[in-house]
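Everything below belongs to work-v9.pdb, which stores PDB, C-alpha atoms.
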```
ATOM      1  CA  MET A   1     -26.283 176.400 -34.878
ATOM      2  CA  LEU A   2     -26.618 178.336 -38.116
ATOM      3  CA  PHE A   3     -29.777 180.335 -38.830
ATOM      4  CA  VAL A   4     -31.001 180.662 -42.421
ATOM      5  CA  TYR A   5     -33.806 182.954 -43.560
ATOM      6  CA  PRO A   6     -35.798 180.941 -46.147
ATOM      7  CA  GLY A   7     -37.819 183.828 -47.571
ATOM      8  CA  GLN A   8     -36.879 186.725 -49.849
ATOM      9  CA  ALA A   9     -33.354 187.902 -49.078
ATOM     10  CA  ASP A  10     -34.432 191.575 -48.838
ATOM     11  CA  ASN A  11     -36.598 190.739 -45.822
ATOM     12  CA  ALA A  12     -33.925 188.872 -43.868
ATOM     13  CA  SER A  13     -32.578 191.962 -42.076
ATOM     14  CA  ARG A  14     -36.053 192.744 -40.727
ATOM     15  CA  VAL A  15     -36.520 189.329 -39.106
ATOM     16  CA  ALA A  16     -34.720 188.668 -35.838
ATOM     17  CA  VAL A  17     -32.780 185.461 -35.268
ATOM     18  CA  PRO A  18     -34.949 183.337 -32.928
ATOM     19  CA  SER A  19     -33.400 183.576 -29.491
ATOM     20  CA  VAL A  20     -34.325 182.807 -25.900
ATOM     21  CA  GLY A  21     -34.964 186.082 -24.129
ATOM     22  CA  PRO A  22     -33.971 185.060 -20.593
ATOM     23  CA  ILE A  23     -30.491 183.905 -21.673
ATOM     24  CA  ALA A  24     -29.823 186.199 -24.633
ATOM     25  CA  ASP A  25     -27.863 188.611 -22.413
ATOM     26  CA  GLN A  26     -25.351 185.822 -21.600
ATOM     27  CA  ASP A  27     -25.678 186.326 -17.843
ATOM     28  CA  PRO A  28     -22.725 184.448 -16.252
ATOM     29  CA  ASP A  29     -25.022 183.124 -13.518
ATOM     30  CA  TRP A  30     -26.605 180.748 -16.026
ATOM     31  CA  VAL A  31     -25.252 177.189 -16.029
ATOM     32  CA  ILE A  32     -26.237 175.568 -19.346
ATOM     33  CA  ILE A  33     -26.313 171.953 -20.497
ATOM     34  CA  ASP A  34     -26.480 171.645 -24.296
ATOM     35  CA  THR A  35     -27.206 168.594 -26.411
ATOM     36  CA  PHE A  36     -28.446 167.594 -29.865
ATOM     37  CA  ARG A  37     -29.764 164.520 -31.640
ATOM     38  CA  ASP A  38     -31.345 163.403 -34.897
ATOM     39  CA  LEU A  39     -34.786 161.972 -34.207
ATOM     40  CA  PRO A  40     -36.981 159.581 -36.239
ATOM     41  CA  TYR A  41     -40.004 161.883 -36.399
ATOM     42  CA  ASP A  42     -41.014 165.305 -37.734
ATOM     43  CA  ALA A  43     -39.963 168.617 -36.200
ATOM     44  CA  LEU A  44     -43.653 169.430 -35.664
ATOM     45  CA  THR A  45     -44.115 166.173 -33.751
ATOM     46  CA  LEU A  46     -41.139 167.107 -31.586
ATOM     47  CA  LEU A  47     -42.609 170.554 -30.886
ATOM     48  CA  GLU A  48     -45.997 169.057 -30.108
ATOM     49  CA  ASN A  49     -44.392 166.738 -27.595
ATOM     50  CA  VAL A  50     -42.237 169.254 -25.747
ATOM     51  CA  LEU A  51     -45.044 171.835 -25.638
ATOM     52  CA  ASP A  52     -47.189 169.314 -23.728
ATOM     53  CA  PRO A  53     -46.200 169.398 -20.023
ATOM     54  CA  SER A  54     -48.998 167.007 -19.045
ATOM     55  CA  HIS A  55     -47.202 163.966 -20.502
ATOM     56  CA  LEU A  56     -44.148 164.245 -18.256
ATOM     57  CA  PRO A  57     -45.330 162.325 -15.138
ATOM     58  CA  TYR A  58     -46.633 159.487 -17.342
ATOM     59  CA  THR A  59     -44.172 159.139 -20.210
ATOM     60  CA  HIS A  60     -41.112 159.955 -18.100
ATOM     61  CA  HIS A  61     -42.155 158.064 -14.966
ATOM     62  CA  GLU A  62     -39.063 156.833 -13.109
ATOM     63  CA  SER A  63     -36.719 158.939 -15.282
ATOM     64  CA  VAL A  64     -37.525 162.649 -14.729
ATOM     65  CA  GLY A  65     -41.204 162.242 -13.822
ATOM     66  CA  ASN A  66     -43.427 160.451 -11.358
ATOM     67  CA  ARG A  67     -47.019 159.273 -11.779
ATOM     68  CA  ALA A  68     -47.724 160.391  -8.222
ATOM     69  CA  ASN A  69     -47.333 164.000  -9.404
ATOM     70  CA  ALA A  70     -49.972 163.681 -12.137
ATOM     71  CA  GLY A  71     -53.015 165.921 -11.935
ATOM     72  CA  PRO A  72     -55.083 168.449 -13.902
ATOM     73  CA  VAL A  73     -52.951 170.706 -16.103
ATOM     74  CA  GLU A  74     -54.731 174.033 -16.601
ATOM     75  CA  LEU A  75     -52.874 175.748 -19.438
ATOM     76  CA  ASP A  76     -53.824 179.228 -20.684
ATOM     77  CA  LEU A  77     -52.809 181.091 -23.837
ATOM     78  CA  LEU A  78     -51.709 184.686 -23.281
ATOM     79  CA  GLU A  79     -51.249 185.677 -26.916
ATOM     80  CA  GLN A  80     -51.023 184.019 -30.304
ATOM     81  CA  SER A  81     -50.050 185.318 -33.745
ATOM     82  CA  LYS A  82     -48.226 184.363 -36.929
ATOM     83  CA  THR A  83     -44.929 184.634 -35.025
ATOM     84  CA  GLY A  84     -45.914 182.118 -32.335
ATOM     85  CA  PHE A  85     -47.594 182.213 -28.941
ATOM     86  CA  THR A  86     -47.019 182.522 -25.209
ATOM     87  CA  GLY A  87     -48.827 180.680 -22.461
ATOM     88  CA  ILE A  88     -48.868 180.066 -18.735
ATOM     89  CA  TRP A  89     -49.453 177.235 -16.301
ATOM     90  CA  LEU A  90     -50.350 179.023 -13.093
ATOM     91  CA  GLU A  91     -50.229 176.002 -10.804
ATOM     92  CA  GLY A  92     -47.111 174.580 -12.425
ATOM     93  CA  PRO A  93     -45.470 171.137 -12.201
ATOM     94  CA  ARG A  94     -45.739 168.665  -9.320
ATOM     95  CA  GLN A  95     -49.201 169.879  -8.388
ATOM     96  CA  GLY A  96     -48.040 173.409  -7.663
ATOM     97  CA  LYS A  97     -45.009 172.500  -5.565
ATOM     98  CA  LEU A  98     -42.564 174.197  -7.960
ATOM     99  CA  GLY A  99     -44.405 177.384  -8.920
ATOM    100  CA  THR A 100     -45.820 178.928 -12.103
ATOM    101  CA  GLN A 101     -44.416 177.851 -15.480
ATOM    102  CA  ASN A 102     -44.376 180.124 -18.547
ATOM    103  CA  THR A 103     -44.130 178.783 -22.105
ATOM    104  CA  SER A 104     -43.056 180.521 -25.317
ATOM    105  CA  PHE A 105     -43.213 179.294 -28.912
ATOM    106  CA  VAL A 106     -41.298 181.350 -31.485
ATOM    107  CA  ALA A 107     -42.231 180.259 -34.991
ATOM    108  CA  PRO A 108     -41.206 178.193 -36.755
ATOM    109  CA  GLY A 109     -39.095 175.946 -34.533
ATOM    110  CA  LEU A 110     -38.208 177.326 -31.080
ATOM    111  CA  MET A 111     -39.936 176.794 -27.739
ATOM    112  CA  TRP A 112     -39.056 177.016 -24.091
ATOM    113  CA  HIS A 113     -40.557 176.517 -20.665
ATOM    114  CA  ASP A 114     -39.483 178.945 -17.924
ATOM    115  CA  LEU A 115     -39.903 177.921 -14.280
ATOM    116  CA  THR A 116     -38.735 179.647 -11.107
ATOM    117  CA  SER A 117     -39.017 177.741  -7.845
ATOM    118  CA  LYS A 118     -37.810 178.290  -4.298
ATOM    119  CA  GLN A 119     -36.345 174.788  -4.233
ATOM    120  CA  PHE A 120     -34.154 174.921  -7.345
ATOM    121  CA  GLY A 121     -34.022 178.506  -8.590
ATOM    122  CA  ARG A 122     -34.783 179.263 -12.222
ATOM    123  CA  THR A 123     -34.741 176.527 -14.871
ATOM    124  CA  LEU A 124     -35.476 176.588 -18.594
ATOM    125  CA  THR A 125     -36.178 173.814 -21.070
ATOM    126  CA  VAL A 126     -35.254 175.109 -24.532
ATOM    127  CA  VAL A 127     -35.777 173.216 -27.792
ATOM    128  CA  TYR A 128     -34.890 174.169 -31.360
ATOM    129  CA  ALA A 129     -36.688 171.725 -33.690
ATOM    130  CA  THR A 130     -34.976 171.586 -37.094
ATOM    131  CA  PRO A 131     -36.593 169.734 -40.036
ATOM    132  CA  ILE A 132     -34.098 167.560 -41.953
ATOM    133  CA  GLY A 133     -36.540 165.389 -43.927
ATOM    134  CA  LYS A 134     -40.054 164.049 -43.836
ATOM    135  CA  GLY A 135     -40.275 161.994 -40.650
ATOM    136  CA  ARG A 136     -36.863 163.211 -39.415
ATOM    137  CA  CYS A 137     -35.666 166.196 -37.448
ATOM    138  CA  ARG A 138     -32.661 167.464 -35.543
ATOM    139  CA  LEU A 139     -33.120 168.520 -31.948
ATOM    140  CA  PHE A 140     -30.940 171.202 -30.375
ATOM    141  CA  ALA A 141     -31.753 171.387 -26.657
ATOM    142  CA  ARG A 142     -30.499 173.787 -24.010
ATOM    143  CA  PHE A 143     -31.105 173.447 -20.283
ATOM    144  CA  PRO A 144     -30.135 176.684 -18.510
ATOM    145  CA  PHE A 145     -30.161 176.802 -14.702
ATOM    146  CA  LYS A 146     -29.847 179.618 -12.183
ATOM    147  CA  PHE A 147     -29.571 177.890  -8.849
ATOM    148  CA  SER A 148     -30.330 179.436  -5.491
ATOM    149  CA  SER A 149     -27.323 177.489  -4.157
ATOM    150  CA  LYS A 150     -23.832 177.281  -5.682
ATOM    151  CA  LEU A 151     -23.454 173.558  -4.967
ATOM    152  CA  PRO A 152     -25.678 172.228  -7.834
ATOM    153  CA  ALA A 153     -23.917 174.550 -10.284
ATOM    154  CA  PHE A 154     -20.556 173.153  -9.154
ATOM    155  CA  PHE A 155     -21.645 169.574  -9.830
ATOM    156  CA  ILE A 156     -23.156 170.390 -13.250
ATOM    157  CA  LYS A 157     -20.069 172.315 -14.361
ATOM    158  CA  ASN A 158     -17.827 169.429 -13.326
ATOM    159  CA  THR A 159     -19.926 166.618 -14.808
ATOM    160  CA  PRO A 160     -18.418 165.348 -18.091
ATOM    161  CA  ARG A 161     -20.522 166.529 -21.018
ATOM    162  CA  TRP A 162     -20.632 163.030 -22.522
ATOM    163  CA  PHE A 163     -22.138 161.690 -19.296
ATOM    164  CA  SER A 164     -24.850 164.388 -19.372
ATOM    165  CA  HIS A 165     -25.548 163.486 -23.008
ATOM    166  CA  ILE A 166     -26.111 159.836 -22.097
ATOM    167  CA  GLY A 167     -28.740 160.923 -19.586
ATOM    168  CA  GLN A 168     -30.417 163.333 -22.000
ATOM    169  CA  ASN A 169     -30.549 160.666 -24.716
ATOM    170  CA  ALA A 170     -32.278 158.308 -22.295
ATOM    171  CA  ILE A 171     -34.958 160.915 -21.564
ATOM    172  CA  LEU A 172     -35.553 161.518 -25.278
ATOM    173  CA  GLU A 173     -35.948 157.780 -25.811
ATOM    174  CA  ASP A 174     -38.840 157.622 -23.334
ATOM    175  CA  ASP A 175     -40.916 159.172 -26.170
ATOM    176  CA  GLN A 176     -39.074 157.889 -29.201
ATOM    177  CA  ILE A 177     -41.096 154.849 -30.261
ATOM    178  CA  PHE A 178     -44.632 156.111 -29.782
ATOM    179  CA  LEU A 179     -43.915 159.510 -31.381
ATOM    180  CA  HIS A 180     -42.531 157.734 -34.443
ATOM    181  CA  TRP A 181     -45.855 155.883 -34.794
ATOM    182  CA  GLN A 182     -48.120 158.672 -33.539
ATOM    183  CA  GLU A 183     -47.387 160.897 -36.537
ATOM    184  CA  ARG A 184     -48.192 158.033 -38.885
ATOM    185  CA  TYR A 185     -51.524 157.604 -37.149
ATOM    186  CA  LEU A 186     -52.207 161.325 -37.663
ATOM    187  CA  GLU A 187     -51.214 161.123 -41.334
ATOM    188  CA  ALA A 188     -53.567 158.174 -41.867
ATOM    189  CA  ALA A 189     -56.362 160.222 -40.293
ATOM    190  CA  GLY A 190     -55.856 163.092 -42.729
ATOM    191  CA  GLY A 191     -52.981 165.033 -41.205
ATOM    192  CA  SER A 192     -52.837 168.195 -39.124
ATOM    193  CA  GLN A 193     -56.061 169.574 -40.619
ATOM    194  CA  ASN A 194     -57.915 166.643 -39.052
ATOM    195  CA  LEU A 195     -56.213 166.760 -35.648
ATOM    196  CA  ASP A 196     -59.460 167.180 -33.730
ATOM    197  CA  LYS A 197     -60.912 164.112 -35.455
ATOM    198  CA  ALA A 198     -57.785 162.006 -35.031
ATOM    199  CA  PHE A 199     -57.273 162.811 -31.338
ATOM    200  CA  TYR A 200     -59.653 163.649 -28.523
ATOM    201  CA  LEU A 201     -58.238 166.830 -26.983
ATOM    202  CA  ALA A 202     -60.732 167.317 -24.220
ATOM    203  CA  THR A 203     -58.961 169.345 -21.540
ATOM    204  CA  LYS A 204     -56.907 172.519 -21.055
ATOM    205  CA  ALA A 205     -53.819 170.303 -20.844
ATOM    206  CA  ASP A 206     -53.994 170.212 -24.659
ATOM    207  CA  THR A 207     -54.092 174.011 -25.071
ATOM    208  CA  PHE A 208     -50.527 174.422 -26.365
ATOM    209  CA  VAL A 209     -50.751 171.408 -28.680
ATOM    210  CA  SER A 210     -53.953 172.799 -30.198
ATOM    211  CA  ALA A 211     -52.359 176.242 -30.537
ATOM    212  CA  LEU A 212     -49.389 174.774 -32.388
ATOM    213  CA  ARG A 213     -51.607 172.882 -34.804
ATOM    214  CA  ARG A 214     -53.765 175.954 -35.434
ATOM    215  CA  TRP A 215     -50.598 177.842 -36.339
ATOM    216  CA  VAL A 216     -49.515 175.012 -38.669
ATOM    217  CA  ASN A 217     -52.900 174.881 -40.382
ATOM    218  CA  GLU A 218     -53.477 178.631 -40.665
ATOM    219  CA  PHE A 219     -50.057 179.505 -42.052
ATOM    220  CA  GLY A 220     -49.254 176.376 -44.052
ATOM    221  CA  ALA A 221     -46.278 175.597 -41.858
ATOM    222  CA  ASP A 222     -45.663 171.975 -42.841
ATOM    223  CA  PRO A 223     -41.974 172.033 -43.886
ATOM    224  CA  PHE A 224     -42.520 169.209 -46.423
ATOM    225  CA  PRO A 225     -46.003 169.787 -47.864
ATOM    226  CA  GLY A 226     -47.448 166.981 -49.924
ATOM    227  CA  GLN A 227     -44.763 164.485 -48.931
ATOM    228  CA  ALA A 228     -45.753 161.201 -47.311
ATOM    229  CA  LEU A 229     -43.999 159.771 -44.288
ATOM    230  CA  PRO A 230     -41.657 156.863 -45.030
ATOM    231  CA  PRO A 231     -42.733 153.402 -43.807
ATOM    232  CA  GLY A 232     -42.597 152.989 -40.050
ATOM    233  CA  ILE A 233     -39.571 151.324 -38.481
ATOM    234  CA  GLU A 234     -40.568 148.093 -36.769
ATOM    235  CA  ASP A 235     -37.157 147.325 -35.244
ATOM    236  CA  LYS A 236     -36.939 149.043 -31.851
ATOM    237  CA  ARG A 237     -33.157 148.842 -31.830
ATOM    238  CA  VAL A 238     -33.071 150.963 -34.992
ATOM    239  CA  LEU A 239     -35.324 153.569 -33.368
ATOM    240  CA  MET A 240     -33.146 153.557 -30.254
ATOM    241  CA  GLU A 241     -29.738 153.789 -31.947
ATOM    242  CA  ARG A 242     -27.514 156.572 -30.599
ATOM    243  CA  TYR A 243     -24.212 156.356 -32.453
ATOM    244  CA  GLN A 244     -25.242 157.665 -35.878
ATOM    245  CA  SER A 245     -27.863 160.058 -34.529
ATOM    246  CA  HIS A 246     -25.588 161.671 -31.946
ATOM    247  CA  VAL A 247     -22.294 160.130 -30.819
ATOM    248  CA  GLN A 248     -20.328 160.173 -34.076
ATOM    249  CA  HIS A 249     -21.051 163.912 -34.499
ATOM    250  CA  CYS A 250     -20.494 164.921 -30.872
ATOM    251  CA  GLY A 251     -17.225 166.565 -29.862
ATOM    252  CA  SER A 252     -17.595 165.145 -26.342
ATOM    253  CA  CYS A 253     -19.118 161.700 -26.863
ATOM    254  CA  ALA A 254     -16.994 160.544 -29.817
ATOM    255  CA  PRO A 255     -13.631 161.076 -28.024
ATOM    256  CA  ALA A 256     -15.088 159.666 -24.792
ATOM    257  CA  LEU A 257     -16.114 156.490 -26.616
ATOM    258  CA  LYS A 258     -12.633 156.025 -28.076
ATOM    259  CA  ASN A 259     -11.022 156.576 -24.681
ATOM    260  CA  LEU A 260     -13.467 154.145 -23.092
ATOM    261  CA  GLN A 261     -12.641 151.486 -25.677
ATOM    262  CA  ARG A 262      -8.904 151.964 -25.069
ATOM    263  CA  LEU A 263      -9.441 151.749 -21.317
ATOM    264  CA  ARG A 264     -11.518 148.597 -21.659
ATOM    265  CA  LEU A 265      -8.865 146.997 -23.846
ATOM    266  CA  GLY A 266      -6.188 147.842 -21.270
ATOM    267  CA  VAL A 267      -8.272 146.545 -18.366
ATOM    268  CA  GLY A 268      -8.935 143.313 -20.257
ATOM    269  CA  ALA A 269      -5.222 142.875 -20.965
ATOM    270  CA  ILE A 270      -4.347 143.432 -17.298
ATOM    271  CA  ALA A 271      -6.996 140.916 -16.224
ATOM    272  CA  LEU A 272      -5.639 138.264 -18.614
ATOM    273  CA  LEU A 273      -2.053 138.935 -17.567
ATOM    274  CA  SER A 274      -2.965 138.735 -13.884
ATOM    275  CA  TRP A 275      -4.740 135.440 -14.442
ATOM    276  CA  ALA A 276      -1.731 134.079 -16.325
ATOM    277  CA  ILE A 277       0.639 135.092 -13.512
ATOM    278  CA  ALA A 278      -1.646 133.468 -10.921
ATOM    279  CA  THR A 279      -1.884 130.177 -12.832
ATOM    280  CA  LEU A 280       1.897 130.082 -13.282
ATOM    281  CA  ALA A 281       2.648 130.991  -9.671
ATOM    282  CA  MET A 282       0.603 128.222  -8.086
ATOM    283  CA  PRO A 283       2.201 125.119  -9.718
ATOM    284  CA  LEU A 284       5.704 126.587  -9.447
ATOM    285  CA  GLY A 285       5.359 126.847  -5.696
ATOM    286  CA  LEU A 286       5.821 130.602  -5.657
ATOM    287  CA  ALA A 287       4.519 132.642  -2.764
ATOM    288  CA  SER A 288       0.811 132.164  -2.365
ATOM    289  CA  SER A 289       0.414 135.912  -1.972
ATOM    290  CA  ILE A 290       1.442 136.360  -5.612
ATOM    291  CA  ALA A 291      -1.174 133.865  -6.732
ATOM    292  CA  ILE A 292      -3.845 135.475  -4.559
ATOM    293  CA  LEU A 293      -2.949 138.936  -5.869
ATOM    294  CA  GLY A 294      -3.066 137.679  -9.449
ATOM    295  CA  VAL A 295      -6.485 136.056  -8.994
ATOM    296  CA  THR A 296      -7.809 139.165  -7.229
ATOM    297  CA  LEU A 297      -6.610 141.478  -9.992
ATOM    298  CA  ALA A 298      -8.000 139.119 -12.615
ATOM    299  CA  LEU A 299     -11.437 139.062 -10.962
ATOM    300  CA  LEU A 300     -11.519 142.828 -10.417
ATOM    301  CA  GLY A 301     -10.340 143.412 -13.966
ATOM    302  CA  SER A 302     -13.026 141.101 -15.344
ATOM    303  CA  VAL A 303     -15.735 142.936 -13.429
ATOM    304  CA  ALA A 304     -14.384 146.305 -14.606
ATOM    305  CA  TRP A 305     -14.100 145.025 -18.195
ATOM    306  CA  TYR A 306     -17.748 143.909 -18.116
ATOM    307  CA  GLY A 307     -18.929 147.198 -16.561
ATOM    308  CA  LEU A 308     -17.047 149.263 -19.132
ATOM    309  CA  GLY A 309     -18.610 147.131 -21.845
ATOM    310  CA  GLN A 310     -22.077 147.928 -20.503
ATOM    311  CA  LEU A 311     -21.217 151.625 -20.474
ATOM    312  CA  GLU A 312     -19.856 151.385 -24.019
ATOM    313  CA  GLN A 313     -23.165 150.015 -25.253
ATOM    314  CA  ARG A 314     -24.895 153.163 -23.993
ATOM    315  CA  PHE A 315     -23.034 155.091 -26.696
ATOM    316  CA  TYR A 316     -24.608 152.883 -29.380
ATOM    317  CA  HIS A 317     -28.254 152.380 -28.387
ATOM    318  CA  GLY A 318     -30.796 153.127 -25.687
ATOM    319  CA  ARG A 319     -32.874 150.844 -23.517
ATOM    320  CA  LEU A 320     -35.683 149.032 -25.320
ATOM    321  CA  THR A 321     -37.970 149.042 -22.273
ATOM    322  CA  PRO A 322     -38.556 152.510 -20.787
ATOM    323  CA  PRO A 323     -38.563 152.851 -16.986
ATOM    324  CA  ARG A 324     -42.330 153.488 -16.936
ATOM    325  CA  ASN A 325     -42.953 149.959 -18.255
ATOM    326  CA  ARG A 326     -40.886 148.153 -15.661
ATOM    327  CA  PRO A 327     -42.829 146.043 -13.154
ATOM    328  CA  GLU A 328     -43.862 148.059 -10.136
ATOM    329  CA  LYS A 329     -42.220 147.141  -6.865
ATOM    330  CA  PRO A 330     -44.749 145.758  -4.376
ATOM    331  CA  ALA A 331     -45.765 148.296  -1.769
ATOM    332  CA  LYS A 332     -44.465 147.687   1.715
ATOM    333  CA  GLY A 333     -47.306 146.833   3.960
TER     334      GLY A 333
END
```
Take the structure in the file and give it back as structure tokens.
Amino acid sequence: MLFVYPGQADNASRVAVPSVGPIADQDPDWVIIDTFRDLPYDALTLLENVLDPSHLPYTHHESVGNRANAGPVELDLLEQSKTGFTGIWLEGPRQGKLGTQNTSFVAPGLMWHDLTSKQFGRTLTVVYATPIGKGRCRLFARFPFKFSSKLPAFFIKNTPRWFSHIGQNAILEDDQIFLHWQERYLEAAGGSQNLDKAFYLATKADTFVSALRRWVNEFGADPFPGQALPPGIEDKRVLMERYQSHVQHCGSCAPALKNLQRLRLGVGAIALLSWAIATLAMPLGLASSIAILGVTLALLGSVAWYGLGQLEQRFYHGRLTPPRNRPEKPAKG
């Protein structure tokens, strides 16, 4: 990430680079998962979404959330100024089972949630929201962990980065479609200045969203003032594409995709060769064990070839139906 000061050059030395306090000291006990992606909505829409903890059990049900954990979200602002705000959720996620969560917003594009629990240790959700055009932004996300046990850290450190990125992309896509259209609804209602008329923000769960919009309105923080959003994208597959928005630029995912394609090609070749050997062995009266081995390898290779193909598709696009919209399994009674 490169940080650019957009104001007068003489003032740049007096403005600190936005950083995350808890991890700025580079404590070796932190285990950090990093990812990035270009998203089909504004940086302010991204910030609004990630600053809202109340949406997690609904939007991310069956991915990283659960509707059973939904409940009142009593958010409180601690301080607010031109440089951002801090807030607290005393009860915290999962109806208080994980402990108090603190939230920081550092203007213009950094936020993080900070949660310490007895079960998992300390976890942060860090987002840098970077405007790249009207209706488009680039997300840089960091997920630092300090575990109370060494075992989770071992597994995270030894999980391939590309595999973690596939999972993080899936979580982002839980929100992708409705956020793309939500900002167009707000624009049609008059934009950020008319937020209270466009949306009914009735509870303390909306405290951080309201604080962000007050900051936008008070300090003229729209990165593309006066510009209209481009027409909405009707094709869900376009909204869910992953290759151009992440994979082709990723130093982990791009090589992994090429290796996967080579592996799939090799597995397919072995499956075809095994099938050819089996079909030749049977009419020539060769040992039946050779034919059985050939058929077995051909079947296993075909299954592996299909499975690798399914995995390959996850580098190109996400699922069109989010987990929350899948039919509920009938309760056992």
Q. What's the 12 Å shell around Pro28 in chain A, counting only C-alpha atoms, without same-chain residues fewer than 3 positions away, as JSON, numbers by chain?
A. {"A": [23, 24, 25, 31, 32, 144, 145, 146, 153]}
Q: Identify which of the residues A:Gln261, A:Arg214, A:Leu39, A:Ala141 lies closest to Val238 in chain A, counting all atoms listed in the file when measuring atom-to-atom distances.
A: A:Leu39
Please produce, as JSON lines, a per-residue contact table for range 126-167 of chain A versus range 315-321 of chain A (criterion: any atom at most 12 Å away, only C-alpha atoms considered), showing the nearest atom pair and its distance in Å to one decimal, sorted by chain then residue number.
```
{"residue": "A:Trp162", "atom": "CA", "partner": "A:Phe315", "partner_atom": "CA", "distance": 9.3}
{"residue": "A:Phe163", "atom": "CA", "partner": "A:Phe315", "partner_atom": "CA", "distance": 10.0}
{"residue": "A:Ser164", "atom": "CA", "partner": "A:Phe315", "partner_atom": "CA", "distance": 12.0}
{"residue": "A:His165", "atom": "CA", "partner": "A:Phe315", "partner_atom": "CA", "distance": 9.5}
{"residue": "A:Ile166", "atom": "CA", "partner": "A:Phe315", "partner_atom": "CA", "distance": 7.3}
{"residue": "A:Gly167", "atom": "CA", "partner": "A:Gly318", "partner_atom": "CA", "distance": 10.1}
```
Pull C-alpha atoms from the residues just selected and write them as an mmCIF file, in the coordinates of the input.
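Result saved to out.cif:
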```cif
data_model
loop_
_atom_site.group_PDB
_atom_site.id
_atom_site.type_symbol
_atom_site.label_atom_id
_atom_site.label_comp_id
_atom_site.auth_asym_id
_atom_site.auth_seq_id
_atom_site.Cartn_x
_atom_site.Cartn_y
_atom_site.Cartn_z
ATOM 1 C CA TRP A 162 -20.632 163.030 -22.522
ATOM 2 C CA PHE A 163 -22.138 161.690 -19.296
ATOM 3 C CA SER A 164 -24.850 164.388 -19.372
ATOM 4 C CA HIS A 165 -25.548 163.486 -23.008
ATOM 5 C CA ILE A 166 -26.111 159.836 -22.097
ATOM 6 C CA GLY A 167 -28.740 160.923 -19.586
#
```
Q: Please provide the set of residues having any atom within 12 Å of range 88-101 of chain A, restricted to only C-alpha atoms, with same-chain residues fewer than 3 positions apart removed, written as a ChimeraX atom specification.
A: /A:51-57,64-79,85,104-105,112-125,204-208
Q) What does the distance between CA of Leu239 in chain A and CA of Asn325 in chain A come to in Å, to one decimal place? A) 17.3 Å
Evaluate the PyMOL selection byres ((chain A and resi 226-230) around 8) and record the selected residues as a short mmCIF file (atom, residue, chain, number, x, y, z; two decimals) with C-alpha atoms, in the coordinates of the input, following the chain and residue labels used in the document.
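Result saved to part19.cif:
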```cif
data_model
loop_
_atom_site.label_atom_id
_atom_site.label_comp_id
_atom_site.auth_asym_id
_atom_site.auth_seq_id
_atom_site.Cartn_x
_atom_site.Cartn_y
_atom_site.Cartn_z
CA LYS A 134 -40.05 164.05 -43.84
CA GLY A 135 -40.28 161.99 -40.65
CA ARG A 184 -48.19 158.03 -38.88
CA GLU A 187 -51.21 161.12 -41.33
CA PHE A 224 -42.52 169.21 -46.42
CA PRO A 225 -46.00 169.79 -47.86
CA PRO A 231 -42.73 153.40 -43.81
CA GLY A 232 -42.60 152.99 -40.05
#
```
Q.
Can you pull out the residues contacting Leu263 in chain A? Cut-off 10 Å, using all atoms listed in the file, and skip same-chain residues under 4 positions away; I want them as an NGL selection string.
A. :A and (257-259 or 267-269 or 304-305 or 308)
Taking C-alpha atoms for each residue, export the selection above as a PDB file, in the coordinates of the input.
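Everything below was put into again_10.pdb:
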```
ATOM      1  CA  LEU A 257     -16.114 156.490 -26.616  1.00  0.00           C
ATOM      2  CA  LYS A 258     -12.633 156.025 -28.076  1.00  0.00           C
ATOM      3  CA  ASN A 259     -11.022 156.576 -24.681  1.00  0.00           C
ATOM      4  CA  VAL A 267      -8.272 146.545 -18.366  1.00  0.00           C
ATOM      5  CA  GLY A 268      -8.935 143.313 -20.257  1.00  0.00           C
ATOM      6  CA  ALA A 269      -5.222 142.875 -20.965  1.00  0.00           C
ATOM      7  CA  ALA A 304     -14.384 146.305 -14.606  1.00  0.00           C
ATOM      8  CA  TRP A 305     -14.100 145.025 -18.195  1.00  0.00           C
ATOM      9  CA  LEU A 308     -17.047 149.263 -19.132  1.00  0.00           C
TER      10      LEU A 308
END
```
Q.
Which residue is closest to Pro131 in chain A? Choose from A:Leu179, A:Leu46, A:Ile233, A:Ala198 and count all atoms listed in the file.
A.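 Going through A:Leu179, A:Leu46, A:Ile233, A:Ala198 one by one, the smallest distance to Pro131 in chain A is for A:Leu46.
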Would you pull range 144-157 of chain A out of the block just shown and save C-alpha atoms as an mmCIF file, in the first residue's frame?
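Contents of the output file result.cif:
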```cif
data_model
loop_
_atom_site.group_PDB
_atom_site.id
_atom_site.type_symbol
_atom_site.label_atom_id
_atom_site.label_comp_id
_atom_site.auth_asym_id
_atom_site.auth_seq_id
_atom_site.Cartn_x
_atom_site.Cartn_y
_atom_site.Cartn_z
ATOM 1 C CA PRO A 144 -4.629 -9.847 12.824
ATOM 2 C CA PHE A 145 -4.977 -12.519 15.517
ATOM 3 C CA LYS A 146 -3.332 -13.043 18.892
ATOM 4 C CA PHE A 147 -4.475 -16.458 19.991
ATOM 5 C CA SER A 148 -4.524 -17.732 23.543
ATOM 6 C CA SER A 149 -3.396 -21.097 22.122
ATOM 7 C CA LYS A 150 -0.560 -21.740 19.653
ATOM 8 C CA LEU A 151 -2.522 -24.335 17.669
ATOM 9 C CA PRO A 152 -4.788 -21.907 15.695
ATOM 10 C CA ALA A 153 -1.755 -19.779 14.818
ATOM 11 C CA PHE A 154 0.001 -22.882 13.471
ATOM 12 C CA PHE A 155 -2.906 -23.713 11.168
ATOM 13 C CA ILE A 156 -3.282 -20.124 9.896
ATOM 14 C CA LYS A 157 0.441 -19.786 9.198
#
```
